Structures are given as structure tokens and as C-alpha cells.
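Student: I have a structure I would like to understand better, so I am pasting it below and will then ask my questions one at a time.
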Amino acid sequence: MNVPFFRYDWFFQENREQIISVHEEIMSSGRYVYGEYTQKLEKQLAELCNRKFATTVGSCSDALFFALQSVGIKDGDEVIVPPFSFVATLDSILRCGGVPVFVDISPEHFMLDIAKLEDAITQRTKAIVMVQLFGNCHPQQETINKIAQKNGIPLIIDAAQAVGIKSNGISAAKVGDIACISFDPTKIVSAYGTGGAVLTDDENTYTTIKKLANHGICNGTPEIAGYNSKISEQEAAYILLQIEKLPQTMARMNEVSEKYLSQLNGIEEIVLPHKCCTEPNCHKFVISTDKRDELRNYLKDNGIETKIHYATLLSEQKIVKGRKFLKHNLSNAEKASKQVLSLPIYPNITDEEISYVCQHIKAFFCR
Ligand SMILES: Cc1ncc(COP(=O)(O)O)c(C=O)c1O
């Protein structure tokens with residue numbers, strides 16, 4: 001049996017007729033950008049994330065860049081960020097000329113270690129970027145928000161992986177001044193190309209982001225040097241369909257995660273993921289083990305594809321070499337980067353495939 005890490009066409013295969021029909025309608029209408037679907041999507045995103053304003057942009061990478069620009073990050077400004085994330089979290093800071101200040105993660109949930117956050121804040125800190133990782137949200141997100149507010153520092157949430165997640169009724173994209181989400185094709189709500197959105201409750205931030213994403217234009221006149229960052233009507237319609245089906249998608253992802261948890265329970269050599277919030281979306285299923293690389297090879301030899309999120313810390317990426325950055329003790333992140341292994345997880349993985357993966361993990365440790 002072969003179990004791929006992800007099946008990109010899962011949503012299309014399950015909703016083919018609806019997708020083709022809405023695309024036909026949009027192509028015939030001749031309205032390809034910022035039409036009724038994009039406007040409806042922005043309304044629905046604001047509702048889903050319980051925010052006043054949502055702006056769709058070309059990607060979450062752009063969303064993060066615009067968010068940092070809107071809070072005024074410029075050359076030499078320090079931005080606190082965890083080192084354990086996708087490289088886009090770092091790119092956005094560097095694109096603004098910011099100086100990344102890497103603060104360690106918690107070994108329990110791989111997100112920012114709150115115990116180390118306050119010590120890292122100085123007069124030079126101009127923003128904090130917090131990442132909601134692997135389909136969970138930070139269990140102390142409210143406290144992080146309070147720390148940021150107490151110090152007068154904008155808090156930007158990289159919620160790329162966190163659409164749909166709630167903790168005690170509060171959306172993972174509600175915390176902080178600005179949240180950024182991704183519709184990359186691997187995400188729980190995705191485009192088939194790229195896409196992202198910025199969410200905020202502040203009208204000035206919203207207006208600035210709208211301008212940045214649309215050539216700096218406000219009421220027909222360019223006011224600032226902006227960018228061209230948007231999604232098409234076709235992508236907006238596709239994302240809207242995914243939002244409509246999000247409860248079913250999340251239910252299945254949670255079911256897959258529970259199946260993994262129950263079948264892998266009791267293997268001493270692996271640490272299973274912790275559930276940190278009441279409504280996770282289970283975007284990734286990440287286990288940890290000292291024998292990560294041997295296990296990965298064994299699974300590969302048996303047709304099971306896995307990935308490593310993240311083998312290289314942001315503080316070790318080539319793109320920071322030769323630039324100014326600060327790094328606190330990152331021992332938890334360093335350990336995680338050597339131990340984590342992401343197993344295949346998506347709505348249409350079959351129960352047989354899940355069992356096949358688990359049997360091979362058990363067999364590896366019983367050899
Ligand atoms: C944590 C995190 N931040 C940012 C991004 C960037 O998102 P996009 O691909 O929409 O630019 C991703 C995408 O994988 C991500 O996982």
C-alpha cells in the first residue's frame with residue numbers, strides 16, 4: 001500500500017459538480033477580481049474569525065508583510081518571533097527590514113514559550129509575531145495578548161494553519177491586533193493556487209492593508225507605494241465552498257487524529273501531539289521520537305510518505321546569515337527540529353490507510 005503525505009485534489013473530487021458549475025458562471029460573467037464572491041468571502045471570514053474586518057490578499061506571506069508594515073515595522077526594528085515555523089513567518093520580518101529576535105518554544109505544543117517571552121521584551125521590541133501551529137492554538141494566547149498590551153507592543157498572529165480553530169469559543173484568529181491566515185492548497189480551507197487574508201478589529205489598520213494590497217490606492221488615487229496582492233473570483237468561490245463544508249472537514253480531521261492517537265497510544269518511544277484547545281482543526285499530526293530519521297526511512301520503504309515540520313530553525317536559515325538578528329536560548333526548538341515527524345493527515349485518508357501507518361510505526365519499534 002502507498003500512503004501519500006497529502007492528497008491535493010480531495011476537495012475537488014468530493015465537490016466536482018459544484019466547483020465546475022460556479023467556475024463556469026464566473027468565467028462567463030467576465031468579472032474575475034473583486035466581484036461578489038470576494039466581497040462575500042471577506043464578510044464570511046470576518047464572521048468566522050469573529051473580527052470586524054477581513055481583507056483577502058495574495059497569500060499569508062503577503063498578509064504578514066502587510067500586517068508588519070501597517071504597524072510601522074521598518075529598518076532595524078526588533079520583532080520577537082519563535083524559530084519553529086515555516087520560513088514565510090521570517091520572510092515577512094526581513095522584507096520590512098526588521099531584526100528577528102528568536103524566542104524559544106514550549107516542548108509541549110511547539111509554540112512560543114510564554115515563560116521566556118517577557119525576558120526577551122526590550123525598549124527596541126516593536127512587534128511580537130505569535131504562530132498558531134499544527135492545528136492547535138496557543139493555550140496561553142490571552143496571556144500573551146495581555147503581555148503585548150501591557151508593553152504597548154502590537155501582537156500579530158500567524159494563523160496561517162489555524163482557520164476554524166477555537167479555544168473555549170474564541171477563534172484562533174481573534175487574539176492580537178492583526179491575524180493572518182493562509183489558503184495555501186495544504187490548508188484546511190484552501191485555494192488551488194495561493195491566497196490569504198488579514199483580519200483585524202481596527203479600522204485604520206484595515207484601510208492601510210486594503211491600500212497596501214491594491215497599489216496603494218484609496219478612492220481611486222494612489223496614496224502610498226503599494227503592491228498588487230489579490231485572489232481571483234474563482235479562488236474566492238472555491239474558498240467559500242470550503243468554508244461551507246468546514247464543520248464536516250474539521251469533524252473528519254478530528255476523527256483521523258483520534259484514530260491515530262488511540263492506535264499509537266502506549267508506544268513508549270514516541271510522544272503524541274497534545275490537544276491544546278477545545279476545537280482544533282488538526283492541520284498536522286506531529287509525533288516526536290529520538291529515532292525520527294530511522295523511522296521515517298522505514299515508513300518510506302513501506303510506501304508511507306511523511307514530512308518534517310520543521311527540520312531547519314528560522315534562526316538557522318540561510319536568509320538570516322549575514323543579517324542582524326538576535327537569538328535567545330533555543331534548546332527546545334533545537335530538540336524539536338531533530339525529533340518531529342508529520343504523519344499523513346487529510347479528510348479522505350481511509351481508515352485502512354491510518355491503520356497501515358500505525359501498524360508500521362508499531363512494527364518499527366518492536367523490531
Ligand atoms: C505557519 C505558516 N506561516 C505562513 C505561511 C505562508 O502562507 P502562504 O503560503 O499562504 O504564503 C504558512 C504556509 O505554509 C505557514 O504554515
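Letters A, B, ... go to the chains of the C-alpha cells in the order shown; residues in each chain start at 1; ligands are counted from 1 in the same order.
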Each residue of chain A lying at most 8 Å from ligand 1 should get a row with its shortest atom-to-atom pair and the distance in Å to one decimal, counting only C-alpha atoms and all ligand atoms; could you produce that, ordered by chain and increasing number, as a Markdown table?
Tutor:
```
| residue | atom | partner | partner_atom_place_in_ligand_line | distance |
| --- | --- | --- | --- | --- |
| A:Gly58 | CA | ligand 1 | 10 (O) | 7.5 |
| A:Ser59 | CA | ligand 1 | 10 (O) | 3.9 |
| A:Cys60 | CA | ligand 1 | 10 (O) | 3.7 |
| A:Ser61 | CA | ligand 1 | 11 (O) | 3.7 |
| A:Asp62 | CA | ligand 1 | 11 (O) | 6.5 |
| A:Ala63 | CA | ligand 1 | 11 (O) | 7.8 |
| A:Leu64 | CA | ligand 1 | 4 (C) | 7.7 |
| A:Ser85 | CA | ligand 1 | 1 (C) | 5.3 |
| A:Phe86 | CA | ligand 1 | 2 (C) | 4.9 |
| A:Val87 | CA | ligand 1 | 4 (C) | 7.1 |
| A:Ala88 | CA | ligand 1 | 4 (C) | 4.8 |
| A:Thr89 | CA | ligand 1 | 3 (N) | 5.0 |
| A:Val131 | CA | ligand 1 | 1 (C) | 6.1 |
| A:Gln132 | CA | ligand 1 | 1 (C) | 7.1 |
| A:Leu133 | CA | ligand 1 | 1 (C) | 6.4 |
| A:Asp158 | CA | ligand 1 | 3 (N) | 5.7 |
| A:Ala159 | CA | ligand 1 | 1 (C) | 6.8 |
| A:Ala160 | CA | ligand 1 | 2 (C) | 4.8 |
| A:Gln161 | CA | ligand 1 | 16 (O) | 5.5 |
| A:Ile181 | CA | ligand 1 | 10 (O) | 7.1 |
| A:Ser182 | CA | ligand 1 | 10 (O) | 4.0 |
| A:Phe183 | CA | ligand 1 | 10 (O) | 5.5 |
| A:Asp184 | CA | ligand 1 | 10 (O) | 4.7 |
| A:Thr186 | CA | ligand 1 | 14 (O) | 7.6 |
| A:Lys187 | CA | ligand 1 | 14 (O) | 7.7 |
| A:Thr194 | CA | ligand 1 | 10 (O) | 6.0 |
| A:Gly195 | CA | ligand 1 | 10 (O) | 5.6 |
| A:Gly196 | CA | ligand 1 | 10 (O) | 5.3 |
```
Student: Can you tell me which residues surround Lys74 in chain A at a distance of at most 9 Å, considering only C-alpha atoms, apart from same-chain residues fewer than 4 positions away, and format the answer as a PDB file with C-alpha atoms, in the first residue's frame?
Tutor:
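Result file part_19.pdb:
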```pdb
ATOM      1  CA  LEU A  68       4.042  44.316   9.939  1.00  0.00           C
ATOM      2  CA  GLN A  69       4.121  47.303   7.587  1.00  0.00           C
ATOM      3  CA  CYS A  96      10.283  45.089   6.246  1.00  0.00           C
ATOM      4  CA  GLY A  97      13.957  45.403   7.288  1.00  0.00           C
ATOM      5  CA  GLY A  98      13.065  44.167  10.795  1.00  0.00           C
TER       6      GLY A  98
END
```
Student: Pick the closest to Leu313 in chain A from A:Asp202, A:Asp301, A:Glu334, A:Asp119: which is it, counting only C-alpha atoms?
Tutor: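 Using only C-alpha atoms, Leu313 in chain A sits closest to A:Glu334.
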Student: Do you know which residues are at most 8 Å from range 102-114 of chain A counting only C-alpha atoms, after dropping those on the same chain fewer than 6 positions away, and could you put them as a list of chain:residue names?
Tutor: A:Ile80, A:Val81, A:Pro82, A:Pro83, A:Phe84, A:Ala120, A:Met130, A:Val131, A:Gln132, A:Leu133, A:His138, A:Gln140, A:Ile144, A:Pro273, A:His274, A:Cys276, A:Ser315, A:Phe325, A:Leu326, A:Lys327, A:His328, A:Asn329, A:Leu330, A:Ser331, A:Asn332, A:Ala333, A:Ala336
Student: Pull the strand (DSSP E or B) assignments for range 57-300 of chain A out of DSSP run on the backbone, and list those residues as a PDB file with N, CA and C atoms, in the first residue's frame.
Tutor:
```pdb
ATOM      1  N   VAL A  57      -5.924  38.752   0.410  1.00  0.00           N
ATOM      2  CA  VAL A  57      -4.669  39.136  -0.256  1.00  0.00           C
ATOM      3  C   VAL A  57      -4.113  37.898  -0.973  1.00  0.00           C
ATOM      4  N   GLU A  78      13.125  45.676  16.139  1.00  0.00           N
ATOM      5  CA  GLU A  78      13.160  44.281  16.596  1.00  0.00           C
ATOM      6  C   GLU A  78      11.757  43.672  16.635  1.00  0.00           C
ATOM      7  N   VAL A  79      11.666  42.446  16.150  1.00  0.00           N
ATOM      8  CA  VAL A  79      10.393  41.723  16.148  1.00  0.00           C
ATOM      9  C   VAL A  79      10.613  40.347  16.781  1.00  0.00           C
ATOM     10  N   ILE A  80       9.898  40.085  17.864  1.00  0.00           N
ATOM     11  CA  ILE A  80      10.015  38.779  18.537  1.00  0.00           C
ATOM     12  C   ILE A  80       9.255  37.727  17.732  1.00  0.00           C
ATOM     13  N   VAL A  81       9.888  36.578  17.549  1.00  0.00           N
ATOM     14  CA  VAL A  81       9.275  35.523  16.728  1.00  0.00           C
ATOM     15  C   VAL A  81       9.806  34.164  17.188  1.00  0.00           C
ATOM     16  N   VAL A  99      14.494  43.278  12.541  1.00  0.00           N
ATOM     17  CA  VAL A  99      15.519  42.406  13.122  1.00  0.00           C
ATOM     18  C   VAL A  99      14.803  41.306  13.901  1.00  0.00           C
ATOM     19  N   PRO A 100      14.843  40.047  13.433  1.00  0.00           N
ATOM     20  CA  PRO A 100      14.155  38.984  14.167  1.00  0.00           C
ATOM     21  C   PRO A 100      14.841  38.700  15.510  1.00  0.00           C
ATOM     22  N   VAL A 101      14.027  38.566  16.537  1.00  0.00           N
ATOM     23  CA  VAL A 101      14.547  38.179  17.859  1.00  0.00           C
ATOM     24  C   VAL A 101      13.902  36.830  18.165  1.00  0.00           C
ATOM     25  N   PHE A 102      14.681  35.776  18.093  1.00  0.00           N
ATOM     26  CA  PHE A 102      14.124  34.425  18.217  1.00  0.00           C
ATOM     27  C   PHE A 102      13.982  34.029  19.680  1.00  0.00           C
ATOM     28  N   ILE A 105      10.453  27.874  22.026  1.00  0.00           N
ATOM     29  CA  ILE A 105       9.089  27.328  22.044  1.00  0.00           C
ATOM     30  C   ILE A 105       8.914  26.407  23.254  1.00  0.00           C
ATOM     31  N   LEU A 112       5.288  29.480  20.981  1.00  0.00           N
ATOM     32  CA  LEU A 112       6.076  30.376  21.826  1.00  0.00           C
ATOM     33  C   LEU A 112       6.020  29.990  23.319  1.00  0.00           C
ATOM     34  N   THR A 125      11.812  46.420  21.153  1.00  0.00           N
ATOM     35  CA  THR A 125      10.823  45.493  20.575  1.00  0.00           C
ATOM     36  C   THR A 125       9.663  46.291  19.981  1.00  0.00           C
ATOM     37  N   LYS A 126       9.416  46.097  18.696  1.00  0.00           N
ATOM     38  CA  LYS A 126       8.362  46.878  18.029  1.00  0.00           C
ATOM     39  C   LYS A 126       7.158  46.012  17.620  1.00  0.00           C
ATOM     40  N   ALA A 127       7.311  44.701  17.694  1.00  0.00           N
ATOM     41  CA  ALA A 127       6.167  43.811  17.405  1.00  0.00           C
ATOM     42  C   ALA A 127       6.492  42.400  17.908  1.00  0.00           C
ATOM     43  N   ILE A 128       5.423  41.648  18.188  1.00  0.00           N
ATOM     44  CA  ILE A 128       5.571  40.214  18.507  1.00  0.00           C
ATOM     45  C   ILE A 128       4.769  39.459  17.450  1.00  0.00           C
ATOM     46  N   VAL A 129       5.389  38.431  16.862  1.00  0.00           N
ATOM     47  CA  VAL A 129       4.645  37.558  15.943  1.00  0.00           C
ATOM     48  C   VAL A 129       4.464  36.222  16.650  1.00  0.00           C
ATOM     49  N   MET A 130       3.228  35.842  16.868  1.00  0.00           N
ATOM     50  CA  MET A 130       2.951  34.542  17.510  1.00  0.00           C
ATOM     51  C   MET A 130       2.361  33.600  16.461  1.00  0.00           C
ATOM     52  N   VAL A 131       2.845  32.371  16.440  1.00  0.00           N
ATOM     53  CA  VAL A 131       2.381  31.412  15.425  1.00  0.00           C
ATOM     54  C   VAL A 131       1.448  30.390  16.076  1.00  0.00           C
ATOM     55  N   LEU A 155       0.663  42.885  18.630  1.00  0.00           N
ATOM     56  CA  LEU A 155       0.758  41.420  18.540  1.00  0.00           C
ATOM     57  C   LEU A 155       0.138  40.991  17.218  1.00  0.00           C
ATOM     58  N   ILE A 156       0.949  40.331  16.407  1.00  0.00           N
ATOM     59  CA  ILE A 156       0.475  39.839  15.105  1.00  0.00           C
ATOM     60  C   ILE A 156       0.437  38.322  15.153  1.00  0.00           C
ATOM     61  N   ILE A 157      -0.698  37.764  14.759  1.00  0.00           N
ATOM     62  CA  ILE A 157      -0.851  36.312  14.831  1.00  0.00           C
ATOM     63  C   ILE A 157      -0.650  35.697  13.452  1.00  0.00           C
ATOM     64  N   ASP A 158       0.329  34.797  13.365  1.00  0.00           N
ATOM     65  CA  ASP A 158       0.472  33.997  12.152  1.00  0.00           C
ATOM     66  C   ASP A 158      -0.481  32.808  12.340  1.00  0.00           C
ATOM     67  N   LYS A 166     -10.967  27.036  17.478  1.00  0.00           N
ATOM     68  CA  LYS A 166     -11.474  27.865  18.575  1.00  0.00           C
ATOM     69  C   LYS A 166     -10.978  27.297  19.897  1.00  0.00           C
ATOM     70  N   SER A 167     -10.794  28.201  20.853  1.00  0.00           N
ATOM     71  CA  SER A 167     -10.491  27.752  22.202  1.00  0.00           C
ATOM     72  C   SER A 167     -11.536  28.372  23.106  1.00  0.00           C
ATOM     73  N   ILE A 170     -13.424  31.045  21.473  1.00  0.00           N
ATOM     74  CA  ILE A 170     -12.695  32.185  20.891  1.00  0.00           C
ATOM     75  C   ILE A 170     -11.836  31.710  19.722  1.00  0.00           C
ATOM     76  N   SER A 171     -12.006  32.370  18.575  1.00  0.00           N
ATOM     77  CA  SER A 171     -11.264  31.985  17.361  1.00  0.00           C
ATOM     78  C   SER A 171      -9.763  32.212  17.547  1.00  0.00           C
ATOM     79  N   ILE A 178      -3.685  41.934  14.887  1.00  0.00           N
ATOM     80  CA  ILE A 178      -3.931  41.543  13.498  1.00  0.00           C
ATOM     81  C   ILE A 178      -3.664  40.034  13.388  1.00  0.00           C
ATOM     82  N   ALA A 179      -4.516  39.328  12.660  1.00  0.00           N
ATOM     83  CA  ALA A 179      -4.254  37.900  12.404  1.00  0.00           C
ATOM     84  C   ALA A 179      -4.180  37.677  10.895  1.00  0.00           C
ATOM     85  N   CYS A 180      -3.316  36.753  10.502  1.00  0.00           N
ATOM     86  CA  CYS A 180      -3.098  36.481   9.083  1.00  0.00           C
ATOM     87  C   CYS A 180      -3.365  35.003   8.829  1.00  0.00           C
ATOM     88  N   ILE A 181      -4.163  34.719   7.803  1.00  0.00           N
ATOM     89  CA  ILE A 181      -4.471  33.312   7.512  1.00  0.00           C
ATOM     90  C   ILE A 181      -4.057  32.960   6.081  1.00  0.00           C
ATOM     91  N   SER A 182      -3.913  31.654   5.856  1.00  0.00           N
ATOM     92  CA  SER A 182      -3.440  31.178   4.547  1.00  0.00           C
ATOM     93  C   SER A 182      -4.469  30.263   3.897  1.00  0.00           C
ATOM     94  N   GLY A 196      -4.628  34.421   0.841  1.00  0.00           N
ATOM     95  CA  GLY A 196      -4.507  34.670   2.276  1.00  0.00           C
ATOM     96  C   GLY A 196      -5.470  35.769   2.668  1.00  0.00           C
ATOM     97  N   ALA A 197      -5.497  36.076   3.953  1.00  0.00           N
ATOM     98  CA  ALA A 197      -6.356  37.171   4.415  1.00  0.00           C
ATOM     99  C   ALA A 197      -5.776  37.785   5.680  1.00  0.00           C
ATOM    100  N   VAL A 198      -6.103  39.075   5.858  1.00  0.00           N
ATOM    101  CA  VAL A 198      -5.705  39.798   7.069  1.00  0.00           C
ATOM    102  C   VAL A 198      -6.978  40.123   7.838  1.00  0.00           C
ATOM    103  N   LEU A 199      -6.958  39.868   9.145  1.00  0.00           N
ATOM    104  CA  LEU A 199      -8.136  40.124   9.985  1.00  0.00           C
ATOM    105  C   LEU A 199      -7.770  41.083  11.105  1.00  0.00           C
ATOM    106  N   THR A 200      -8.653  42.029  11.349  1.00  0.00           N
ATOM    107  CA  THR A 200      -8.386  42.996  12.417  1.00  0.00           C
ATOM    108  C   THR A 200      -9.705  43.590  12.905  1.00  0.00           C
ATOM    109  N   ASN A 214      -3.594  46.909  -2.787  1.00  0.00           N
ATOM    110  CA  ASN A 214      -4.149  47.370  -4.067  1.00  0.00           C
ATOM    111  C   ASN A 214      -3.423  48.622  -4.562  1.00  0.00           C
ATOM    112  N   ILE A 217      -3.843  52.353  -3.499  1.00  0.00           N
ATOM    113  CA  ILE A 217      -4.967  53.204  -3.934  1.00  0.00           C
ATOM    114  C   ILE A 217      -6.064  53.334  -2.866  1.00  0.00           C
ATOM    115  N   CYS A 218      -6.520  54.554  -2.678  1.00  0.00           N
ATOM    116  CA  CYS A 218      -7.691  54.812  -1.823  1.00  0.00           C
ATOM    117  C   CYS A 218      -8.596  55.763  -2.612  1.00  0.00           C
ATOM    118  N   THR A 221      -7.194  56.971  -5.960  1.00  0.00           N
ATOM    119  CA  THR A 221      -5.899  57.664  -6.069  1.00  0.00           C
ATOM    120  C   THR A 221      -4.829  56.918  -5.260  1.00  0.00           C
ATOM    121  N   PRO A 222      -3.658  56.666  -5.865  1.00  0.00           N
ATOM    122  CA  PRO A 222      -2.588  56.048  -5.069  1.00  0.00           C
ATOM    123  C   PRO A 222      -2.085  57.012  -3.994  1.00  0.00           C
ATOM    124  N   ASN A 228       0.457  44.644  -5.564  1.00  0.00           N
ATOM    125  CA  ASN A 228      -0.710  44.056  -6.224  1.00  0.00           C
ATOM    126  C   ASN A 228      -0.879  42.659  -5.646  1.00  0.00           C
ATOM    127  N   SER A 232      -8.394  35.625  -7.083  1.00  0.00           N
ATOM    128  CA  SER A 232      -9.369  35.737  -8.177  1.00  0.00           C
ATOM    129  C   SER A 232     -10.766  35.399  -7.643  1.00  0.00           C
ATOM    130  N   VAL A 271       6.317  10.499  21.402  1.00  0.00           N
ATOM    131  CA  VAL A 271       5.442  11.446  22.104  1.00  0.00           C
ATOM    132  C   VAL A 271       4.365  11.855  21.102  1.00  0.00           C
ATOM    133  N   GLU A 279     -11.442  23.267  20.194  1.00  0.00           N
ATOM    134  CA  GLU A 279     -11.817  22.932  18.803  1.00  0.00           C
ATOM    135  C   GLU A 279     -10.618  23.063  17.864  1.00  0.00           C
ATOM    136  N   PHE A 285      -0.464  16.178  12.025  1.00  0.00           N
ATOM    137  CA  PHE A 285      -0.359  15.218  13.134  1.00  0.00           C
ATOM    138  C   PHE A 285       1.135  14.953  13.313  1.00  0.00           C
ATOM    139  N   VAL A 286       1.693  15.575  14.361  1.00  0.00           N
ATOM    140  CA  VAL A 286       3.150  15.584  14.530  1.00  0.00           C
ATOM    141  C   VAL A 286       3.547  14.761  15.757  1.00  0.00           C
ATOM    142  N   ILE A 287       4.308  13.700  15.515  1.00  0.00           N
ATOM    143  CA  ILE A 287       4.824  12.905  16.628  1.00  0.00           C
ATOM    144  C   ILE A 287       6.298  13.268  16.835  1.00  0.00           C
ATOM    145  N   SER A 288       6.842  12.913  18.003  1.00  0.00           N
ATOM    146  CA  SER A 288       8.271  13.154  18.251  1.00  0.00           C
ATOM    147  C   SER A 288       8.914  11.863  18.709  1.00  0.00           C
TER     148      SER A 288
END
```
Student: List every residue of range 173-224 of chain A that has an atom at most 12 Å from any atom of range 7-11 of chain A, giving for each one its closest atom pair and the distance in Å to one decimal, counting only C-alpha atoms, sorted by chain and then by ascending residue number, as a Markdown table.
Tutor:
```
| residue | atom | partner | partner_atom | distance |
| --- | --- | --- | --- | --- |
| A:Asp184 | CA | A:Tyr8 | CA | 10.5 |
| A:Pro185 | CA | A:Tyr8 | CA | 6.7 |
| A:Thr186 | CA | A:Tyr8 | CA | 6.9 |
| A:Lys187 | CA | A:Tyr8 | CA | 9.8 |
| A:Ile188 | CA | A:Phe11 | CA | 10.1 |
| A:Val189 | CA | A:Phe11 | CA | 9.7 |
| A:Ser190 | CA | A:Phe11 | CA | 9.2 |
| A:Ala191 | CA | A:Phe11 | CA | 10.2 |
| A:Tyr192 | CA | A:Tyr8 | CA | 8.4 |
| A:Gly193 | CA | A:Tyr8 | CA | 11.1 |
```
Student: Could you give me, as a count of residues only, the residues within 9 Å of Ile354 in chain A, counting only C-alpha atoms and dropping anything in the same chain fewer than 2 positions from it?
Tutor: 15
Student: Report as a PyMOL selection string all protein, DNA and RNA residues lying within 10 Å of His360 in chain A, evaluated on only C-alpha atoms, omitting residues in the same chain fewer than 2 positions from it.
Tutor: chain A and resi 295+298-299+302+304+355-358+362-366
Student: Could those selected residues go to a file with C-alpha atoms, as a PDB file, in the first residue's frame?
Tutor:
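Output (again_31.pdb):
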```
ATOM      1  CA  LEU A 295      11.507   5.666  11.497  1.00  0.00           C
ATOM      2  CA  TYR A 298      11.366   2.630   7.486  1.00  0.00           C
ATOM      3  CA  LEU A 299       7.964   4.169   6.692  1.00  0.00           C
ATOM      4  CA  ASN A 302       6.878   0.648   3.241  1.00  0.00           C
ATOM      5  CA  ILE A 304       4.309   5.771   3.652  1.00  0.00           C
ATOM      6  CA  SER A 355      -4.172   1.514  10.417  1.00  0.00           C
ATOM      7  CA  TYR A 356      -1.437   0.684   7.896  1.00  0.00           C
ATOM      8  CA  VAL A 357       0.623   3.692   9.072  1.00  0.00           C
ATOM      9  CA  CYS A 358       0.107   2.799  12.742  1.00  0.00           C
ATOM     10  CA  LYS A 362       4.442  -0.255  15.947  1.00  0.00           C
ATOM     11  CA  ALA A 363       6.396  -2.797  13.884  1.00  0.00           C
ATOM     12  CA  PHE A 364       9.368  -0.397  13.691  1.00  0.00           C
ATOM     13  CA  PHE A 365       9.581  -0.094  17.484  1.00  0.00           C
ATOM     14  CA  CYS A 366       9.061  -3.846  18.075  1.00  0.00           C
TER      15      CYS A 366
END
```
Student: Could you tell me which of A:Val175, A:Leu94, A:Val340, A:Ala237 comes closest to Leu314 in chain A if we count only C-alpha atoms?
Tutor: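 Closest residue, counting only C-alpha atoms: A:Leu94.
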Student: Could you jot down the CA of Tyr346 in chain A to CA of Gly135 in chain A separation for me, Å, one decimal place?
Tutor: 12.1 Å
Student: So, with only C-alpha atoms as the atoms that count, which of A:Ala148, A:Ile20, A:Ile121, A:Leu48 lies closest to Leu246 in chain A?
Tutor: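 Looking at the shortest contact to Leu246 in chain A, the residue is A:Leu48.
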Student: Counting only C-alpha atoms, which of A:Ala213, A:Val163, A:Leu241, A:Leu90 gets nearest to Glu14 in chain A?
Tutor: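 The closest residue to Glu14 in chain A is A:Leu241.
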Student: Range 54-258 of chain A: which residues are alpha helix (DSSP H) by DSSP, as a ChimeraX atom specification?
Tutor: /A:60-70,87-95,114-120,141-150,203-213,233-244,246-258
Student: Looking at A:Cys282, A:Val33, A:Leu343, A:Ile165, which one is nearest to Phe134 in chain A, with distances taken over only C-alpha atoms?
Tutor: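 Looking only at the distances to Phe134 in chain A, the closest residue turns out to be A:Cys282.
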Student: In Å, with one decimal, what is the gap from CA of Glu269 in chain A to CA of Asn297 in chain A?
Tutor: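 Taking CA of Glu269 in chain A and CA of Asn297 in chain A, their separation equals 16.4 Å.
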Student: Please indicate the distance in Å from CA of Lys52 in chain A to CA of Ala251 in chain A, rounded to one decimal place.
Tutor: 26.7 Å
Student: Which residue gives the smallest distance to Ala172 in chain A among A:Ile147, A:Ile19, A:Ile243, A:Cys137, with only C-alpha atoms counted?
Tutor: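 Checking each candidate against Ala172 in chain A, we get A:Cys137 as the closest.
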Student: Applying 8 Å and only C-alpha atoms, which residues near Arg51 in chain A remain after dropping the ones on its own chain fewer than 2 positions away? List them as an mmCIF file with C-alpha atoms, in the first residue's frame.
Tutor:
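The file below, part-v5.cif, is the result:
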```cif
data_model
loop_
_atom_site.group_PDB
_atom_site.id
_atom_site.type_symbol
_atom_site.label_atom_id
_atom_site.label_comp_id
_atom_site.auth_asym_id
_atom_site.auth_seq_id
_atom_site.Cartn_x
_atom_site.Cartn_y
_atom_site.Cartn_z
ATOM 1 C CA ALA A 46 -14.717 38.280 9.407
ATOM 2 C CA GLU A 47 -17.680 36.331 10.818
ATOM 3 C CA LEU A 48 -15.802 33.023 11.054
ATOM 4 C CA CYS A 49 -12.910 34.642 12.908
ATOM 5 C CA PHE A 53 -12.675 43.473 9.138
ATOM 6 C CA ALA A 54 -11.184 40.976 6.699
ATOM 7 C CA LYS A 174 -9.355 36.721 17.196
ATOM 8 C CA LEU A 199 -8.136 40.124 9.985
ATOM 9 C CA THR A 200 -8.386 42.996 12.417
ATOM 10 C CA ASP A 201 -10.827 44.955 14.558
#
```
